[in-house]
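K.L.:
Here you go, this is my_file_11.cif (mmCIF, C-alpha atoms).
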```cif
data_start
loop_
_atom_site.label_atom_id
_atom_site.label_comp_id
_atom_site.auth_asym_id
_atom_site.auth_seq_id
_atom_site.Cartn_x
_atom_site.Cartn_y
_atom_site.Cartn_z
CA MET A 1 89.19 -14.35 -101.99
CA THR A 2 87.64 -14.40 -105.45
CA GLY A 3 84.24 -12.75 -105.50
CA PRO A 4 81.45 -12.55 -108.05
CA ALA A 5 82.46 -11.48 -111.53
CA ALA A 6 80.28 -8.38 -111.42
CA GLY A 7 79.49 -6.21 -108.42
CA PRO A 8 76.71 -3.63 -108.38
CA LEU A 9 79.13 -0.83 -109.38
CA THR A 10 80.70 -2.76 -112.26
CA GLY A 11 81.17 -0.42 -115.20
CA LEU A 12 81.87 2.59 -112.97
CA ARG A 13 85.37 4.01 -113.32
CA VAL A 14 86.92 5.91 -110.39
CA ILE A 15 90.24 7.74 -110.34
CA ASP A 16 91.71 8.04 -106.85
CA LEU A 17 94.08 11.01 -106.66
CA ALA A 18 93.77 11.36 -102.89
CA THR A 19 96.03 10.45 -99.96
CA LEU A 20 95.64 9.95 -96.21
CA PHE A 21 92.86 8.67 -95.63
CA ALA A 22 89.29 9.81 -96.26
CA GLY A 23 89.43 10.05 -100.04
CA PRO A 24 91.34 6.80 -100.59
CA LEU A 25 89.05 4.89 -98.21
CA CYS A 26 86.00 6.17 -100.11
CA ALA A 27 87.57 4.85 -103.33
CA THR A 28 88.27 1.52 -101.60
CA MET A 29 84.58 1.19 -100.66
CA LEU A 30 83.50 1.89 -104.24
CA GLY A 31 86.03 -0.65 -105.50
CA ASP A 32 84.75 -3.26 -103.04
CA TYR A 33 81.41 -3.18 -104.86
CA GLY A 34 82.77 -3.54 -108.36
CA ALA A 35 83.95 -0.10 -109.48
CA GLU A 36 87.17 -0.01 -111.49
CA VAL A 37 89.46 2.12 -109.33
CA ILE A 38 92.71 3.56 -110.65
CA LYS A 39 95.00 4.80 -107.89
CA VAL A 40 97.25 7.60 -109.19
CA GLU A 41 100.37 8.31 -107.14
CA HIS A 42 103.31 10.63 -107.64
CA PRO A 43 106.28 8.78 -109.19
CA GLN A 44 108.69 9.76 -106.41
CA LYS A 45 106.24 10.31 -103.54
CA PRO A 46 103.79 7.39 -103.10
CA ASP A 47 100.67 7.63 -100.97
CA PRO A 48 102.06 8.06 -97.41
CA SER A 49 99.73 5.32 -96.17
CA ARG A 50 102.21 2.86 -97.70
CA GLY A 51 104.57 3.83 -94.89
CA HIS A 52 102.09 4.27 -92.03
CA GLY A 53 102.09 1.74 -89.21
CA PRO A 54 103.77 -1.66 -89.05
CA THR A 55 105.38 -3.24 -92.09
CA LYS A 56 106.26 -6.79 -93.04
CA ASP A 57 109.25 -7.46 -95.30
CA GLY A 58 109.33 -3.71 -95.94
CA ILE A 59 105.74 -3.67 -97.20
CA GLY A 60 103.19 -1.45 -95.44
CA LEU A 61 100.26 -3.47 -94.13
CA TRP A 62 97.83 -0.54 -93.93
CA TRP A 63 98.24 -0.08 -97.67
CA LYS A 64 97.21 -3.69 -98.27
CA LEU A 65 93.81 -2.75 -96.81
CA LEU A 66 93.48 0.79 -98.21
CA GLY A 67 94.78 -0.14 -101.65
CA ARG A 68 92.67 -3.25 -102.19
CA ASN A 69 90.68 -3.55 -105.42
CA LYS A 70 92.70 -0.69 -106.98
CA ARG A 71 94.97 -0.69 -109.99
CA THR A 72 97.98 1.52 -109.37
CA MET A 73 99.76 3.92 -111.69
CA THR A 74 102.27 6.73 -111.30
CA LEU A 75 101.76 10.21 -112.74
CA ASP A 76 103.15 13.65 -111.95
CA LEU A 77 100.15 15.93 -112.38
CA SER A 78 102.07 19.16 -111.94
CA GLY A 79 103.47 19.28 -115.47
CA PRO A 80 101.91 19.31 -118.94
CA GLY A 81 102.66 15.65 -119.62
CA GLY A 82 100.86 14.47 -116.51
CA ARG A 83 98.04 16.96 -117.09
CA ASP A 84 97.41 15.62 -120.58
CA ILE A 85 97.34 12.00 -119.40
CA LEU A 86 94.88 12.77 -116.61
CA LEU A 87 92.57 14.64 -118.99
CA ARG A 88 92.61 11.62 -121.30
CA LEU A 89 91.74 9.38 -118.37
CA ALA A 90 89.05 11.78 -117.17
CA ALA A 91 87.30 11.71 -120.52
CA ASP A 92 86.20 8.14 -119.87
CA THR A 93 85.83 8.29 -116.07
CA ASP A 94 82.77 8.59 -113.85
CA VAL A 95 84.34 9.82 -110.60
CA ILE A 96 87.56 11.55 -109.61
CA ILE A 97 88.41 11.77 -105.90
CA GLU A 98 91.03 14.32 -104.81
CA ASN A 99 92.21 15.94 -101.59
CA PHE A 100 94.72 18.57 -102.67
CA ARG A 101 94.55 21.95 -101.01
CA PRO A 102 91.96 24.18 -102.71
CA GLY A 103 93.38 25.77 -105.84
CA THR A 104 96.03 23.11 -106.49
CA LEU A 105 94.24 21.37 -109.36
CA GLU A 106 93.36 24.76 -110.83
CA ARG A 107 97.03 25.78 -110.73
CA TRP A 108 97.88 22.66 -112.71
CA GLY A 109 95.19 23.34 -115.31
CA LEU A 110 93.07 20.46 -113.96
CA GLY A 111 90.28 22.36 -112.24
CA TRP A 112 86.58 21.68 -112.58
CA GLU A 113 86.22 23.74 -115.77
CA GLU A 114 88.97 21.80 -117.56
CA LEU A 115 87.72 18.43 -116.32
CA ARG A 116 84.10 19.18 -117.17
CA ALA A 117 85.14 20.29 -120.65
CA VAL A 118 86.46 16.81 -121.45
CA ASN A 119 83.65 14.99 -119.62
CA PRO A 120 80.41 16.80 -118.69
CA ARG A 121 79.18 13.66 -116.87
CA LEU A 122 82.13 13.55 -114.47
CA VAL A 123 81.63 13.69 -110.69
CA LEU A 124 84.57 15.40 -108.95
CA ALA A 125 84.74 14.63 -105.21
CA ARG A 126 86.91 17.15 -103.37
CA VAL A 127 87.73 15.97 -99.84
CA THR A 128 89.64 18.45 -97.71
CA GLY A 129 90.02 19.29 -94.06
CA PHE A 130 87.97 22.49 -94.17
CA GLY A 131 86.21 22.56 -97.55
CA GLN A 132 86.81 24.63 -100.68
CA PHE A 133 86.07 28.07 -99.20
CA GLY A 134 86.06 29.95 -95.91
CA PRO A 135 88.83 31.37 -93.70
CA TYR A 136 90.44 27.98 -93.00
CA ALA A 137 90.16 26.51 -96.51
CA HIS A 138 93.88 26.77 -97.32
CA ARG A 139 95.12 25.39 -94.02
CA PRO A 140 96.60 21.87 -93.93
CA GLY A 141 93.81 19.63 -92.68
CA PHE A 142 93.86 16.17 -91.10
CA GLY A 143 91.30 14.08 -89.27
CA THR A 144 92.90 14.93 -85.93
CA LEU A 145 91.97 18.58 -86.44
CA ALA A 146 88.39 17.58 -87.22
CA GLU A 147 88.22 15.49 -84.06
CA ALA A 148 89.39 18.53 -82.12
CA MET A 149 87.27 21.21 -83.84
CA SER A 150 84.01 19.27 -84.07
CA GLY A 151 83.56 18.94 -80.31
CA PHE A 152 84.42 15.23 -80.26
CA ALA A 153 87.60 15.59 -78.19
CA ALA A 154 85.93 18.02 -75.80
CA ILE A 155 83.37 15.40 -74.70
CA THR A 156 85.76 12.42 -74.75
CA GLY A 157 87.73 11.44 -71.67
CA GLU A 158 87.28 11.45 -67.91
CA PRO A 159 85.60 14.45 -66.25
CA ASP A 160 88.81 15.54 -64.52
CA GLY A 161 91.08 14.59 -67.43
CA PRO A 162 92.15 16.31 -70.65
CA PRO A 163 90.19 16.21 -73.92
CA THR A 164 90.96 12.89 -75.61
CA LEU A 165 91.67 12.13 -79.26
CA PRO A 166 90.99 8.67 -80.76
CA PRO A 167 94.07 6.55 -81.50
CA PHE A 168 92.90 5.84 -85.06
CA GLY A 169 91.50 7.74 -88.06
CA LEU A 170 87.97 8.31 -86.79
CA ALA A 171 87.12 11.57 -88.57
CA ASP A 172 88.72 10.38 -91.80
CA SER A 173 86.78 7.12 -91.73
CA ILE A 174 83.47 8.89 -91.09
CA ALA A 175 84.30 11.31 -93.90
CA ALA A 176 85.10 8.39 -96.23
CA ILE A 177 81.67 6.85 -95.70
CA ALA A 178 80.04 10.27 -96.16
CA THR A 179 82.02 10.84 -99.36
CA ALA A 180 80.95 7.47 -100.76
CA PHE A 181 77.32 8.42 -100.04
CA ALA A 182 77.86 11.84 -101.62
CA VAL A 183 79.38 10.32 -104.75
CA MET A 184 76.51 7.88 -105.17
CA THR A 185 74.03 10.73 -104.60
CA ALA A 186 75.75 12.79 -107.32
CA LEU A 187 75.68 9.80 -109.68
CA ALA A 188 71.96 9.35 -108.99
CA GLY A 189 71.48 13.03 -109.84
CA ARG A 190 73.39 12.47 -113.06
CA GLU A 191 70.86 9.86 -114.07
CA ARG A 192 68.20 12.60 -114.03
CA THR A 193 70.16 15.55 -115.40
CA GLY A 194 72.77 13.87 -117.58
CA GLU A 195 75.45 16.06 -115.99
CA GLY A 196 78.08 15.55 -113.35
CA GLN A 197 78.88 17.92 -110.51
CA VAL A 198 81.37 18.78 -107.77
CA VAL A 199 81.16 17.19 -104.31
CA ASP A 200 82.71 19.51 -101.71
CA LEU A 201 83.24 17.55 -98.50
CA ALA A 202 85.00 19.05 -95.48
CA ILE A 203 86.29 16.45 -93.02
CA ILE A 204 85.23 18.70 -90.11
CA GLU A 205 81.53 18.26 -91.03
CA PRO A 206 80.56 14.53 -91.07
CA ILE A 207 81.95 13.96 -87.57
CA LEU A 208 79.94 16.96 -86.39
CA THR A 209 76.83 15.29 -87.80
CA VAL A 210 77.41 12.02 -85.95
CA LEU A 211 77.88 13.84 -82.65
CA GLY A 212 74.13 14.28 -82.55
CA PRO A 213 71.99 17.14 -81.22
CA GLN A 214 74.71 19.13 -79.47
CA PRO A 215 74.19 22.30 -81.58
CA LEU A 216 70.44 22.08 -80.94
CA TRP A 217 70.94 21.62 -77.19
CA TYR A 218 73.22 24.63 -77.07
CA ASP A 219 70.96 26.76 -79.27
CA GLN A 220 67.82 26.08 -77.28
CA LEU A 221 69.16 25.52 -73.75
CA GLY A 222 72.69 26.86 -73.64
CA TYR A 223 73.71 23.31 -72.69
CA VAL A 224 77.32 22.26 -73.30
CA GLN A 225 77.89 18.52 -72.98
CA PRO A 226 80.69 17.77 -70.45
CA ARG A 227 83.19 14.91 -70.43
CA THR A 228 81.65 11.96 -68.59
CA GLY A 229 84.13 9.16 -69.25
CA ASN A 230 82.29 5.95 -70.12
CA ARG A 231 79.05 7.26 -68.67
CA SER A 232 76.31 8.89 -70.70
CA ARG A 233 74.21 11.94 -69.97
CA ASN A 234 71.32 10.26 -71.79
CA ASN A 235 70.90 6.98 -69.90
CA ALA A 236 72.22 4.86 -67.04
CA PRO A 237 73.56 2.40 -66.17
CA ARG A 238 75.97 2.73 -69.07
CA ASN A 239 79.61 1.96 -68.36
CA THR A 240 82.38 -0.61 -68.45
CA TYR A 241 82.58 -3.04 -65.53
CA ARG A 242 85.27 -5.47 -64.37
CA THR A 243 84.38 -9.12 -63.88
CA SER A 244 85.64 -11.50 -61.20
CA ASP A 245 88.17 -13.04 -63.61
CA GLY A 246 89.73 -9.65 -64.43
CA GLN A 247 87.96 -9.17 -67.76
CA TRP A 248 85.82 -6.21 -68.79
CA VAL A 249 82.30 -5.87 -70.18
CA ALA A 250 80.18 -2.96 -71.39
CA VAL A 251 76.53 -2.48 -70.48
CA SER A 252 74.01 -0.18 -72.17
CA THR A 253 70.44 0.61 -71.14
CA SER A 254 69.26 3.01 -73.85
CA ALA A 255 65.81 1.38 -73.76
CA GLN A 256 63.72 1.70 -70.58
CA SER A 257 62.69 -1.95 -70.69
CA VAL A 258 66.33 -3.03 -70.79
CA ALA A 259 67.19 -0.84 -67.81
CA GLU A 260 64.43 -2.51 -65.82
CA ARG A 261 65.64 -5.99 -66.79
CA VAL A 262 69.17 -5.14 -65.66
CA MET A 263 67.96 -3.99 -62.25
CA ARG A 264 65.95 -7.17 -61.75
CA LEU A 265 68.92 -9.27 -62.82
CA VAL A 266 71.33 -7.64 -60.38
CA GLY A 267 68.86 -7.90 -57.51
CA ARG A 268 67.97 -4.21 -57.23
CA ALA A 269 64.39 -4.26 -58.54
CA GLU A 270 63.35 -1.70 -55.91
CA LEU A 271 65.18 1.00 -57.88
CA ILE A 272 62.68 0.61 -60.72
CA ASP A 273 60.03 2.17 -58.50
CA GLU A 274 62.04 5.32 -57.86
CA PRO A 275 60.43 8.34 -59.54
CA TRP A 276 63.70 9.19 -61.30
CA PHE A 277 64.00 5.75 -62.93
CA GLY A 278 61.36 6.49 -65.55
CA SER A 279 63.61 8.12 -68.17
CA GLY A 280 67.17 7.81 -69.39
CA THR A 281 68.05 11.39 -68.54
CA THR A 282 66.87 11.18 -64.95
CA ARG A 283 68.51 7.78 -64.54
CA ALA A 284 71.76 9.42 -65.67
CA ASP A 285 71.38 11.88 -62.79
CA HIS A 286 71.63 8.88 -60.45
CA CYS A 287 74.42 7.04 -62.29
CA GLU A 288 76.46 6.53 -59.11
CA VAL A 289 73.87 4.33 -57.41
CA LEU A 290 73.10 2.45 -60.64
CA ASP A 291 76.78 1.86 -61.43
CA GLU A 292 77.33 0.56 -57.91
CA ALA A 293 74.44 -1.88 -58.24
CA VAL A 294 75.53 -3.22 -61.61
CA GLY A 295 79.25 -3.08 -60.89
CA ASN A 296 78.98 -5.02 -57.63
CA TRP A 297 76.95 -7.77 -59.29
CA ILE A 298 79.29 -8.09 -62.28
CA ALA A 299 82.35 -8.09 -60.00
CA ARG A 300 81.06 -11.33 -58.43
CA HIS A 301 80.74 -13.13 -61.78
CA THR A 302 83.15 -14.23 -64.47
CA ARG A 303 82.86 -12.57 -67.86
CA ASP A 304 81.24 -15.60 -69.48
CA ASP A 305 78.76 -16.06 -66.62
CA ALA A 306 77.83 -12.38 -66.65
CA ILE A 307 77.25 -12.38 -70.41
CA SER A 308 75.21 -15.57 -70.18
CA ALA A 309 73.02 -14.14 -67.42
CA PHE A 310 72.46 -10.88 -69.29
CA GLU A 311 71.54 -12.78 -72.44
CA LYS A 312 68.98 -14.88 -70.56
CA ALA A 313 67.51 -11.68 -69.10
CA GLU A 314 67.45 -10.08 -72.59
CA ALA A 315 69.66 -7.26 -71.35
CA ALA A 316 72.40 -5.61 -73.42
CA ILE A 317 76.00 -6.53 -72.65
CA ALA A 318 79.18 -7.09 -74.65
CA PRO A 319 82.75 -8.11 -73.83
CA ILE A 320 85.50 -5.51 -74.20
CA HIS A 321 87.50 -7.00 -77.08
CA ASP A 322 90.99 -6.27 -78.24
CA ILE A 323 91.86 -7.24 -81.81
CA ARG A 324 92.81 -10.79 -80.75
CA ASP A 325 89.29 -11.31 -79.44
CA VAL A 326 87.75 -9.73 -82.55
CA MET A 327 89.56 -12.22 -84.79
CA ASP A 328 88.11 -15.15 -82.80
CA ASP A 329 84.64 -13.82 -81.99
CA PRO A 330 81.91 -16.24 -83.18
CA GLN A 331 79.56 -13.45 -84.29
CA TYR A 332 82.18 -11.76 -86.44
CA ARG A 333 83.10 -15.21 -87.76
CA ALA A 334 79.48 -15.98 -88.65
CA LEU A 335 79.14 -12.67 -90.49
CA GLY A 336 82.46 -13.12 -92.28
CA SER A 337 83.55 -9.70 -91.02
CA ILE A 338 87.21 -10.74 -91.22
CA THR A 339 88.09 -12.44 -94.46
CA GLU A 340 91.16 -14.01 -96.03
CA VAL A 341 92.84 -12.55 -99.12
CA ASP A 342 95.64 -14.15 -101.13
CA ASP A 343 98.43 -11.69 -101.88
CA PRO A 344 101.37 -12.35 -104.22
CA GLU A 345 103.74 -10.33 -102.01
CA LEU A 346 102.84 -11.49 -98.51
CA GLY A 347 100.76 -14.63 -98.98
CA SER A 348 97.52 -15.10 -97.07
CA LEU A 349 96.21 -11.94 -95.38
CA ARG A 350 93.28 -11.49 -93.02
CA MET A 351 91.52 -8.11 -93.11
CA GLN A 352 88.10 -6.52 -92.74
CA ASN A 353 85.56 -7.67 -95.31
CA VAL A 354 83.42 -5.36 -97.43
CA LEU A 355 81.30 -2.93 -95.43
CA PHE A 356 77.85 -4.49 -95.88
CA ARG A 357 76.16 -7.52 -97.40
CA LEU A 358 73.94 -7.34 -100.50
CA SER A 359 71.77 -10.37 -101.22
CA GLY A 360 71.78 -10.06 -105.00
CA THR A 361 74.97 -8.26 -106.02
CA PRO A 362 77.47 -8.62 -103.18
CA GLY A 363 80.80 -6.86 -102.98
CA ALA A 364 84.11 -8.70 -102.98
CA ILE A 365 87.82 -8.23 -102.32
CA ARG A 366 89.49 -9.14 -105.57
CA TRP A 367 93.04 -8.31 -104.50
CA ALA A 368 94.95 -6.49 -101.75
CA GLY A 369 96.92 -3.28 -102.26
CA ARG A 370 99.32 -3.54 -105.19
CA PRO A 371 102.87 -2.23 -105.55
CA HIS A 372 103.53 1.41 -106.41
CA GLY A 373 102.84 1.95 -110.12
CA ALA A 374 102.24 -1.73 -110.84
CA ASP A 375 99.64 -1.10 -113.57
CA THR A 376 101.01 2.07 -115.14
CA GLU A 377 101.93 0.60 -118.53
CA GLU A 378 98.72 -1.42 -118.82
CA ILE A 379 96.58 1.65 -118.09
CA LEU A 380 98.50 3.88 -120.50
CA THR A 381 98.41 1.23 -123.21
CA GLY A 382 94.65 1.12 -122.72
CA LEU A 383 94.61 4.86 -123.46
CA GLY A 384 96.32 4.16 -126.76
CA LEU A 385 99.87 5.20 -125.89
CA SER A 386 102.65 3.33 -127.63
CA GLY A 387 105.72 1.80 -126.05
CA PRO A 388 108.00 4.64 -127.20
CA GLU A 389 105.54 7.24 -125.90
CA ILE A 390 105.48 5.57 -122.49
CA SER A 391 109.28 5.38 -122.46
CA ALA A 392 109.49 9.09 -123.30
CA LEU A 393 107.16 9.93 -120.41
CA ARG A 394 109.36 7.90 -118.09
CA ALA A 395 112.44 9.73 -119.34
CA GLU A 396 110.69 13.02 -118.58
CA ARG A 397 109.84 11.71 -115.06
CA VAL A 398 106.13 12.13 -115.72
CA LEU A 399 105.68 8.46 -114.69
#
```
Can you give me the file's structure in the form of structure tokens?
P.N.:
Amino acid sequence: MTGPAAGPLTGLRVIDLATLFAGPLCATMLGDYGAEVIKVEHPQKPDPSRGHGPTKDGIGLWWKLLGRNKRTMTLDLSGPGGRDILLRLAADTDVIIENFRPGTLERWGLGWEELRAVNPRLVLARVTGFGQFGPYAHRPGFGTLAEAMSGFAAITGEPDGPPTLPPFGLADSIAAIATAFAVMTALAGRERTGEGQVVDLAIIEPILTVLGPQPLWYDQLGYVQPRTGNRSRNNAPRNTYRTSDGQWVAVSTSAQSVAERVMRLVGRAELIDEPWFGSGTTRADHCEVLDEAVGNWIARHTRDDAISAFEKAEAAIAPIHDIRDVMDDPQYRALGSITEVDDPELGSLRMQNVLFRLSGTPGAIRWAGRPHGADTEEILTGLGLSGPEISALRAERVL
């Protein structure tokens, strides 16, 4: 897919030093909207996402998504040669994203003081499991640990089952979106002050934010949210239900008016008059009777008939999709949520489109993830290095 020549972040340069997955995904999002992103990887140890998940012809497919809209170069930052190159890059860069353990950049002579000295307008986004300080700061940190520590796993799963972790990078993805917001906030601040700053983002925090008012509930009421499976403690009926043709649908009744429409649709209008029906919380206390009413009705209808009836009643329902259904869903198709990208290594690829639509300056996928170090010489030549200098750096294993 060839997008507009200039996205809204055109002219912004981002250096992506991070790996797995929050920092790199943040850089991907910035690149989707026009930023020039340079992905820096170790010469001998590429970003591990290149080897995560299924491959085709030996090429990691996850990388094709995570590495899109990035130029790639190799650089060993741990020695003086790599340090000098990065400082030269940083001098003309707006944002650096890194996720090394706290103190690593400082040990290499690439800490905030050194980076700020070459570029006072730089924004340094530091994305780690636990943040830059505190008793856990130096522990290895991954999204799984954030999903466990934040309270997410404790409330996920069936009431009589174990805490449940998501089978994908949930905490990392939430942290990536939060980091992109933090970077843009820091850049907006730079417009007023003329100076850059450090973004300190701990992956354990954004997922805690999206879990809602649990700290407030505990602080004020001593209430600890239990595991409720697909049910909610905030409204009912809210669950997944099996249709007569063996498919599954999900129903939500967060709004009172929708809950009333559902009860009329399934032939149980008398429940609306119950004193407990008047709020989501009290409806949740009677989830068994509500689930039985909705579940019995849905079990007598095919998935398509149930969805059609709910739509006519202006009640909220959705099919339970797997990825095959997502790829064929007419709403996703209308939105262009899955788009096609031409790739010189693998040919035509279908992947998620950019995160949101802008009417005037839309984002675009210009290319999928490129090979390890594909743009190293071009980037270094742009810094003014000569052919012999680049060859010497290769001989020293800096590149």
K.L.:
Using all atoms listed in the file, pick whichever of A:Gly278, A:Gly58, A:Gly129, A:Pro362 has the shortest atom-to-atom distance to Glu98 (chain A).
P.N.:
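Smallest distance to Glu98 (chain A) is found for A:Gly129.
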K.L.:
Pick out the residues sitting within 8 Å of Val266 (chain A), and hand them over as a PyMOL selection string; count only C-alpha atoms, and ignore anything fewer than 6 positions along from it in its own chain.
P.N.:
chain A and resi 293-294+297
K.L.:
Which residues come within 12 Å of Asp322 (chain A), counting all atoms listed in the file, excluding same-chain residues fewer than 3 positions away, as JSON, numbers by chain?
P.N.:
{"A": [247, 248, 249, 319, 325, 326, 327, 328, 329]}
K.L.:
So what does the PyMOL selection byres ((chain A and resi 90) around 9) actually pick up in this one, as a PyMOL selection string?
P.N.:
chain A and resi 15+85-89+91-96+115-116+118-119+122
K.L.:
Written as a PDB file with C-alpha atoms, keeping the file's coordinate frame, what is the full residue list that the PyMOL selection byres ((chain A and resi 285) around 10) yields on the file shown?
P.N.:
```pdb
ATOM      1  CA  SER A 232      76.310   8.890 -70.700  1.00  0.00           C
ATOM      2  CA  ARG A 233      74.210  11.940 -69.970  1.00  0.00           C
ATOM      3  CA  ASN A 234      71.320  10.260 -71.790  1.00  0.00           C
ATOM      4  CA  ASN A 235      70.900   6.980 -69.900  1.00  0.00           C
ATOM      5  CA  ALA A 236      72.220   4.860 -67.040  1.00  0.00           C
ATOM      6  CA  TRP A 276      63.700   9.190 -61.300  1.00  0.00           C
ATOM      7  CA  PHE A 277      64.000   5.750 -62.930  1.00  0.00           C
ATOM      8  CA  GLY A 280      67.170   7.810 -69.390  1.00  0.00           C
ATOM      9  CA  THR A 281      68.050  11.390 -68.540  1.00  0.00           C
ATOM     10  CA  THR A 282      66.870  11.180 -64.950  1.00  0.00           C
ATOM     11  CA  ARG A 283      68.510   7.780 -64.540  1.00  0.00           C
ATOM     12  CA  ALA A 284      71.760   9.420 -65.670  1.00  0.00           C
ATOM     13  CA  HIS A 286      71.630   8.880 -60.450  1.00  0.00           C
ATOM     14  CA  CYS A 287      74.420   7.040 -62.290  1.00  0.00           C
ATOM     15  CA  GLU A 288      76.460   6.530 -59.110  1.00  0.00           C
ATOM     16  CA  VAL A 289      73.870   4.330 -57.410  1.00  0.00           C
ATOM     17  CA  LEU A 290      73.100   2.450 -60.640  1.00  0.00           C
TER      18      LEU A 290
END
```
K.L.:
For the file shown, what are the residues hit by the PyMOL selection byres ((chain A and resi 241) around 8), laid out as a PyMOL selection string?
P.N.:
chain A and resi 239-240+242-243+248-251+295+298-299
K.L.:
Let me have the centre and edge lengths of the axis-aligned box enclosing all listed atoms of region 318-325 of chain A with 5 Å padding on every side, in Å to one decimal, as lines of an AutoDock Vina configuration file.
P.N.:
```
center_x = 86.0
center_y = -8.4
center_z = -77.8
size_x = 23.6
size_y = 15.8
size_z = 18.0
```
K.L.:
In Å, with one decimal, what is the gap from CA of Ile155 (chain A) to CA of Pro167 (chain A)?
P.N.:
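Straight-line distance from CA of Ile155 (chain A) to CA of Pro167 (chain A) works out to 15.5 Å.
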K.L.:
Kindly indicate which residue among A:Leu211, A:Ala306, A:Met29, A:Ala186 lies nearest to Ala318 (chain A), using all atoms listed in the file for the distances.
P.N.:
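Checking each candidate against Ala318 (chain A), we get A:Ala306 as the closest.
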K.L.:
Between A:Asp32, A:Asp305, A:Asp16, A:Glu106, which has the minimum distance to Val354 (chain A) (counting only C-alpha atoms)?
P.N.:
A:Asp32
K.L.:
From the options A:Arg231, A:Leu165, A:Thr361, A:Gly60, which residue's atoms come nearest to Pro8 (chain A), counting all atoms listed in the file?
P.N.:
A:Thr361
K.L.:
Nearest to Leu187 (chain A): which of A:Val14, A:Gly267, A:Gly31, A:Arg397 is it, counting all atoms listed in the file?
P.N.:
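Of A:Val14, A:Gly267, A:Gly31, A:Arg397, the one nearest Leu187 (chain A) is A:Val14, counting all atoms listed in the file.
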